[in-house]
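Trainee: Okay, here's the structure, questions in a sec.
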Amino acid sequence: MIEHKLARLVDDALGRAVESGRLKIARRPIVEIARPHEKGHGDWASNVALILAKEAGVGPRVIADIILDRIERPPYVADVTIAGPGFINFRLSNTWLYEALTAIRTQRDRYGWSELPTGERIQVEFVSANPVGPMHVGHGRWAAVGDSLARLLLAAGSEVQREFYINDWGNQMLNFGASVAARYRELLGAPLELPEDGYRGHYIIDIAQEIVDKDGDKYLDLGFEQQGKLFSARAYKQVLEHIKKTLEAMDVTFDCWFSERALHDSGELDETLALLEAGGYSYRADGALWLRTTDFGDDKDRVLVRENGEPTYFAADIAYHRDKIRRGYTKLIDIWGADHHGYVARMQAAMAALGAEPGSLEIIIGQLVSLYSGGRPIKMSKRTGEMVTLEELLAEVGKDAVRYFFLMRGTDTALDFDIELAKSETAENPVYYVQYAHARICSILRHAAENDLAPAGTGADLALLDHQAELALLRELAEAPSVIMRAAANRAPYRLTKYLQDVAGLFHQFYHQCRVVSDDEKLSVARLALCDGTRQVIKNVLWLIGVSAPEKM
RNA sequence: GCGCCUGUAGCUCAGUUGGAUAGAGUGACGGACUACGAAUCCGUAGGUCGCAGGUUCGAAUCCUGUCAGGCGCACCA
């Protein structure tokens with residue numbers, strides 16, 4: 001990437017300045033190159049002279065001068081100047097932009113991807129919705145964020161595995177089963193005896209109805225408890241299938257569906273508890289077994305095994321993370337909703353107790369989603385009178401808009417999702433703005449083909465692209481690799497939507513200022529190459545957020 | 001009471017890890033199709049970066065305090 005080349009130029013000059021004794025500093029700082037906001041300040045700038053001023057005991061402009069005198073100027077550097085308080089500004093010649101365009105059109109679907117593997121094996125665990133009912137819109141956000149993050153990490157050169165943790169054990173499962181049993185009895189004529197904290201959703205009736213349809217009153221004589229066990233085992237699979245289908249409709253797939261129950265059955269949970277005890281991290285008090293999470297920064301110790309002998313969800317979760325560690329990932333990423341943030345400290349404490357390396361578990365907390373319709377908040381589904389489900393949202397606004405909207409905001413800010421806006425096919429809707437740019441380019445390329453024109457191959461006269469709109473677009477396209485790397489490093493897929501809007505905007509501007517297919521064949525061919533490169537970049541970045549790149553709309 | 005997140009244009013939000021004159025979209029107003037997609041583009045207007053201190057060459061960004069909103073503080077998951 002160009003900024004790395006420039007950083008090296010500055011760093012080399014700095015090295016020479018120090019060697020010659022002209023500049024006295026103890027340590028050379030990491031040279032950072034940034035894009036100035038103001039176009040008049042050149043294409044790239046370094047602030048290294050300002051950083052060094054204090055230590056060197058001379059003014060930043062003096063230091064900048066010293067560096068400037070020693071800096072190399074390869075052909076792609078048109079000009080280096082000092083400005084303001086001591087910024088070193090680079091103006092680049094256009095050749096590097098043409099090289100970037102050629103790279104896009106050579107690397108194709110791989111443009112923007114890292115050429116070097118990181119050597120990391122990263123596991124991303126996300127959604128992990130309880131299999132006791134339909135997913136809500138919040139789950140959709142974690143699905144979009146988690147899947148895009150996985151794609152980003154892959155592009156950044158890591159090996160990635162996606163995992164869904166199935167909470168198929170514990171009170172909620174019993175409760176779920178009991179709720180189905182109550183509905184089952186009701187359907188067969190008995191009065192409704194829903195458990196106090198039972199599930200009230202209509203889908204429970206649907207599930208019970210299915211059992212009635214298939215097996216009739218076969219189970220009616222069983223006790224309430226037995227019915228519950230039987231039905232929960234049977235119904236959760238059904239719900240899980242439903243979850244899977246909904247996620248697939250979002251183009252989100254998992255490499256592994258990990259069962260909590262399996263941890264109990266395999267003895268891994270007991271093993272983990274024994275391990276913690278052997279390490280001296282647990283103790284008995286008030287009839288329960290506790291983990292000393294306060295030793296690792298939690299504000300109170302946490303129960304592992306209840307007074308009644310049942311392990312807590314936390315205990316199972318520790319066994320689960322131990323299992324992950326043993327599978328050999330170099331990094332674990334969990335994506336949780338904001339309603340679980342209170343759980344972070346104890347989980348990190350447990351990781352430390354397990355002897356995991358600090359930082360090996362990253363927990364991303366996503367803030368919650370609120371639904372709106374034309375600016376008015378909605379909580380309930382019109383159809384069912386219950387929570388709006390992810391499935392309904394997908395059916396209503398479509399996969400592309402759902403994924404795009406879920407990635408329009410930083411993960412740590414609350415998200416307002418306006419259904420009417422997502423459905424609208426107008427300028428207000430950024431999904432269409434970006435997709436329109438892609439479709440428009442495809443249309444131009446089709447039009448060109450009808451006139452026997454094709455984008456220039458490599459070695460064509462790209463230097464004809466010197467209109468300011470062309471150069472601005474080229475500059476933006478050339479940034480894709482660093483945008484992608486930064487988004488991956490910051491676990492911030494939402495930056496991709498911003499970038500897409502910038503690229504699409506610059507393309508539309510270019511389109512209005514520069515006629516692509518014209519009588520000037522050479523210029524047409526060069527501009528078609530620019531169109532083709534833009535199309536490729538939009539397509540690649542859309543893939544990273546899981547949104548389609550339509551050729552027609 | 002404690003912890004996490006968030007306060008930036010009328011509205012919804014960016015702001016690339018501390019840089020130069022804080023940016024988009026939308027809404028409002030005014031313009032641009034006899035040629036490649038007007039789902040587009042151009043122009044105008046709009047700011048005490050919640051508030052008060054501090055750190056330094058330099059702060060929307062870091063620190064402290066404070067106000068406001070969201071979420072959470074289980075032997076639930």
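Every chain in the structure tokens takes a letter, A first, then B, and so on in the order presented; its residues are numbered from 1, and the ligands are numbered from 1 following the presented order.
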Report as a PDB file with all heavy atoms, in the first residue's frame the set of chain A residues whose atoms approach chain B to within 6 Å, with distances computed over only C-alpha atoms (C1' of nucleotides).
Mentor:
```pdb
ATOM      1  N   ARG A 306     -24.856 -24.651  41.913  1.00  0.00           N
ATOM      2  CA  ARG A 306     -25.857 -24.169  42.853  1.00  0.00           C
ATOM      3  C   ARG A 306     -25.998 -25.080  44.064  1.00  0.00           C
ATOM      4  O   ARG A 306     -25.556 -26.234  44.034  1.00  0.00           O
ATOM      5  CB  ARG A 306     -27.213 -24.068  42.162  1.00  0.00           C
ATOM      6  CG  ARG A 306     -27.304 -22.917  41.198  1.00  0.00           C
ATOM      7  CD  ARG A 306     -28.690 -22.867  40.570  1.00  0.00           C
ATOM      8  NE  ARG A 306     -28.719 -23.675  39.363  1.00  0.00           N
ATOM      9  CZ  ARG A 306     -28.736 -23.152  38.129  1.00  0.00           C
ATOM     10  NH1 ARG A 306     -28.755 -21.863  37.951  1.00  0.00           N
ATOM     11  NH2 ARG A 306     -28.742 -23.933  37.071  1.00  0.00           N
ATOM     12  N   ASP A 339     -27.183  -6.404  26.544  1.00  0.00           N
ATOM     13  CA  ASP A 339     -27.818  -6.876  27.763  1.00  0.00           C
ATOM     14  C   ASP A 339     -26.965  -7.934  28.471  1.00  0.00           C
ATOM     15  O   ASP A 339     -27.298  -8.376  29.560  1.00  0.00           O
ATOM     16  CB  ASP A 339     -29.224  -7.413  27.464  1.00  0.00           C
ATOM     17  CG  ASP A 339     -29.229  -8.418  26.324  1.00  0.00           C
ATOM     18  OD1 ASP A 339     -28.245  -8.488  25.581  1.00  0.00           O
ATOM     19  OD2 ASP A 339     -30.234  -9.136  26.186  1.00  0.00           O
ATOM     20  N   GLY A 342     -22.756  -7.183  31.475  1.00  0.00           N
ATOM     21  CA  GLY A 342     -22.401  -7.424  32.867  1.00  0.00           C
ATOM     22  C   GLY A 342     -21.683  -8.758  33.055  1.00  0.00           C
ATOM     23  O   GLY A 342     -21.131  -9.029  34.116  1.00  0.00           O
ATOM     24  N   THR A 426     -35.658   4.933  -2.893  1.00  0.00           N
ATOM     25  CA  THR A 426     -35.396   6.331  -3.217  1.00  0.00           C
ATOM     26  C   THR A 426     -33.984   6.691  -2.783  1.00  0.00           C
ATOM     27  O   THR A 426     -33.248   5.885  -2.235  1.00  0.00           O
ATOM     28  CB  THR A 426     -36.355   7.267  -2.463  1.00  0.00           C
ATOM     29  OG1 THR A 426     -36.046   7.153  -1.055  1.00  0.00           O
ATOM     30  CG2 THR A 426     -37.778   6.892  -2.701  1.00  0.00           C
ATOM     31  N   ARG A 440     -25.542   0.606 -12.704  1.00  0.00           N
ATOM     32  CA  ARG A 440     -25.316   1.607 -13.738  1.00  0.00           C
ATOM     33  C   ARG A 440     -24.029   1.308 -14.503  1.00  0.00           C
ATOM     34  O   ARG A 440     -23.978   1.421 -15.730  1.00  0.00           O
ATOM     35  CB  ARG A 440     -25.226   2.983 -13.077  1.00  0.00           C
ATOM     36  CG  ARG A 440     -25.170   4.118 -14.045  1.00  0.00           C
ATOM     37  CD  ARG A 440     -25.030   5.431 -13.281  1.00  0.00           C
ATOM     38  NE  ARG A 440     -26.046   6.395 -13.712  1.00  0.00           N
ATOM     39  CZ  ARG A 440     -26.115   7.642 -13.228  1.00  0.00           C
ATOM     40  NH1 ARG A 440     -25.280   8.034 -12.286  1.00  0.00           N
ATOM     41  NH2 ARG A 440     -27.027   8.459 -13.675  1.00  0.00           N
ATOM     42  N   ILE A 444     -23.481   0.528 -18.436  1.00  0.00           N
ATOM     43  CA  ILE A 444     -22.542   1.233 -19.320  1.00  0.00           C
ATOM     44  C   ILE A 444     -21.677   0.234 -20.079  1.00  0.00           C
ATOM     45  O   ILE A 444     -21.448   0.369 -21.285  1.00  0.00           O
ATOM     46  CB  ILE A 444     -21.643   2.190 -18.507  1.00  0.00           C
ATOM     47  CG1 ILE A 444     -22.484   3.301 -17.882  1.00  0.00           C
ATOM     48  CG2 ILE A 444     -20.550   2.777 -19.384  1.00  0.00           C
ATOM     49  CD1 ILE A 444     -21.729   4.123 -16.857  1.00  0.00           C
ATOM     50  N   VAL A 517     -18.611   6.527 -23.000  1.00  0.00           N
ATOM     51  CA  VAL A 517     -18.564   6.025 -24.374  1.00  0.00           C
ATOM     52  C   VAL A 517     -18.743   7.205 -25.324  1.00  0.00           C
ATOM     53  O   VAL A 517     -19.798   7.828 -25.378  1.00  0.00           O
ATOM     54  CB  VAL A 517     -19.672   4.988 -24.609  1.00  0.00           C
ATOM     55  CG1 VAL A 517     -19.671   4.534 -26.061  1.00  0.00           C
ATOM     56  CG2 VAL A 517     -19.481   3.806 -23.673  1.00  0.00           C
TER      57      VAL A 517
END
```
Trainee: Compile the contact shell of segment 346-359 of chain A as a list in words: residues with an atom at most 6 Å away, counting only C-alpha atoms (C1' of nucleotides), same-chain residues fewer than 5 positions apart removed.
Mentor: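 Contacts, with the query itself left out: Thr293, Phe296 and Asp298 of chain A.
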Trainee: Store the residues of this selection in a file with all heavy atoms, as a PDB file, in the first residue's frame.
Mentor:
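Below is the file that was written, selection08.pdb:
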```pdb
ATOM      1  N   THR A 293     -13.664 -15.153  40.948  1.00  0.00           N
ATOM      2  CA  THR A 293     -13.427 -14.233  39.822  1.00  0.00           C
ATOM      3  C   THR A 293     -12.881 -12.894  40.289  1.00  0.00           C
ATOM      4  O   THR A 293     -12.295 -12.153  39.507  1.00  0.00           O
ATOM      5  CB  THR A 293     -14.734 -13.999  39.032  1.00  0.00           C
ATOM      6  OG1 THR A 293     -15.756 -13.585  39.936  1.00  0.00           O
ATOM      7  CG2 THR A 293     -15.173 -15.257  38.315  1.00  0.00           C
ATOM      8  N   PHE A 296      -9.448 -11.848  39.579  1.00  0.00           N
ATOM      9  CA  PHE A 296      -9.098 -11.381  38.233  1.00  0.00           C
ATOM     10  C   PHE A 296      -9.925 -10.165  37.837  1.00  0.00           C
ATOM     11  O   PHE A 296     -10.248  -9.972  36.669  1.00  0.00           O
ATOM     12  CB  PHE A 296      -9.304 -12.506  37.217  1.00  0.00           C
ATOM     13  CG  PHE A 296      -8.532 -13.759  37.551  1.00  0.00           C
ATOM     14  CD1 PHE A 296      -9.147 -14.826  38.167  1.00  0.00           C
ATOM     15  CD2 PHE A 296      -7.174 -13.838  37.259  1.00  0.00           C
ATOM     16  CE1 PHE A 296      -8.436 -15.984  38.475  1.00  0.00           C
ATOM     17  CE2 PHE A 296      -6.451 -14.986  37.571  1.00  0.00           C
ATOM     18  CZ  PHE A 296      -7.078 -16.062  38.181  1.00  0.00           C
ATOM     19  N   ASP A 298     -13.108  -9.138  38.675  1.00  0.00           N
ATOM     20  CA  ASP A 298     -14.567  -9.083  38.746  1.00  0.00           C
ATOM     21  C   ASP A 298     -14.959  -8.459  40.084  1.00  0.00           C
ATOM     22  O   ASP A 298     -14.176  -8.470  41.036  1.00  0.00           O
ATOM     23  CB  ASP A 298     -15.144 -10.499  38.634  1.00  0.00           C
ATOM     24  CG  ASP A 298     -16.626 -10.478  38.262  1.00  0.00           C
ATOM     25  OD1 ASP A 298     -17.158  -9.382  38.015  1.00  0.00           O
ATOM     26  OD2 ASP A 298     -17.236 -11.562  38.238  1.00  0.00           O
TER      27      ASP A 298
END
```
Trainee: Which distance in Å separates atom CA of Leu361 of chain A and atom CA of Arg151 of chain A, to one decimal?
Mentor: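 Going from atom CA of Leu361 of chain A over to atom CA of Arg151 of chain A, I get 18.8 Å.
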Trainee: Taking only C-alpha atoms (C1' of nucleotides) into account, name the residue in B:C67, B:A45, B:A32, B:A38 that is nearest to G10 of chain B.
Mentor: B:A45
Trainee: Measuring atom to atom with only C-alpha atoms, identify which of A:Cys442, A:Ala315, A:Ile333, A:Leu473 is nearest to Lys539 of chain A.
Mentor: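 With only C-alpha atoms as the atom set, the closest residue is A:Cys442.
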Trainee: For U44 of chain B, please output as a list in words all residues within 12 Å (counting only C-alpha atoms (C1' of nucleotides); exclusion window: fewer than 4 positions along the same chain).
Mentor: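 Selected residues are A28, C29, G30 and G31 of chain B.
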Trainee: If you run DSSP on the backbone, which residues of segment 258-306 of chain A are alpha helix (DSSP H), as a ChimeraX atom specification?
Mentor: /A:260-266,268-278
Trainee: I'd like the contact shell of Ile363 of chain A - 8 Å cut-off, only C-alpha atoms (C1' of nucleotides), skipping same-chain residues fewer than 5 positions apart - returned as a short mmCIF file (atom, residue, chain, number, x, y, z; two decimals) with N, CA and C atoms, in the first residue's frame.
Mentor:
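Here's the written file around.cif:
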```cif
data_model
loop_
_atom_site.label_atom_id
_atom_site.label_comp_id
_atom_site.auth_asym_id
_atom_site.auth_seq_id
_atom_site.Cartn_x
_atom_site.Cartn_y
_atom_site.Cartn_z
N ILE A 333 -13.26 -14.65 19.36
CA ILE A 333 -14.08 -13.44 19.39
C ILE A 333 -15.52 -13.86 19.68
N ASP A 334 -16.10 -13.28 20.73
CA ASP A 334 -17.52 -13.50 21.04
C ASP A 334 -18.26 -12.20 20.75
N ILE A 335 -19.40 -12.32 20.14
CA ILE A 335 -20.23 -11.14 19.94
C ILE A 335 -21.48 -11.28 20.79
N TRP A 336 -21.66 -10.36 21.71
CA TRP A 336 -22.79 -10.41 22.64
C TRP A 336 -23.62 -9.13 22.57
N VAL A 344 -19.24 -9.82 31.04
CA VAL A 344 -17.90 -9.79 30.44
C VAL A 344 -16.80 -10.03 31.47
#
```
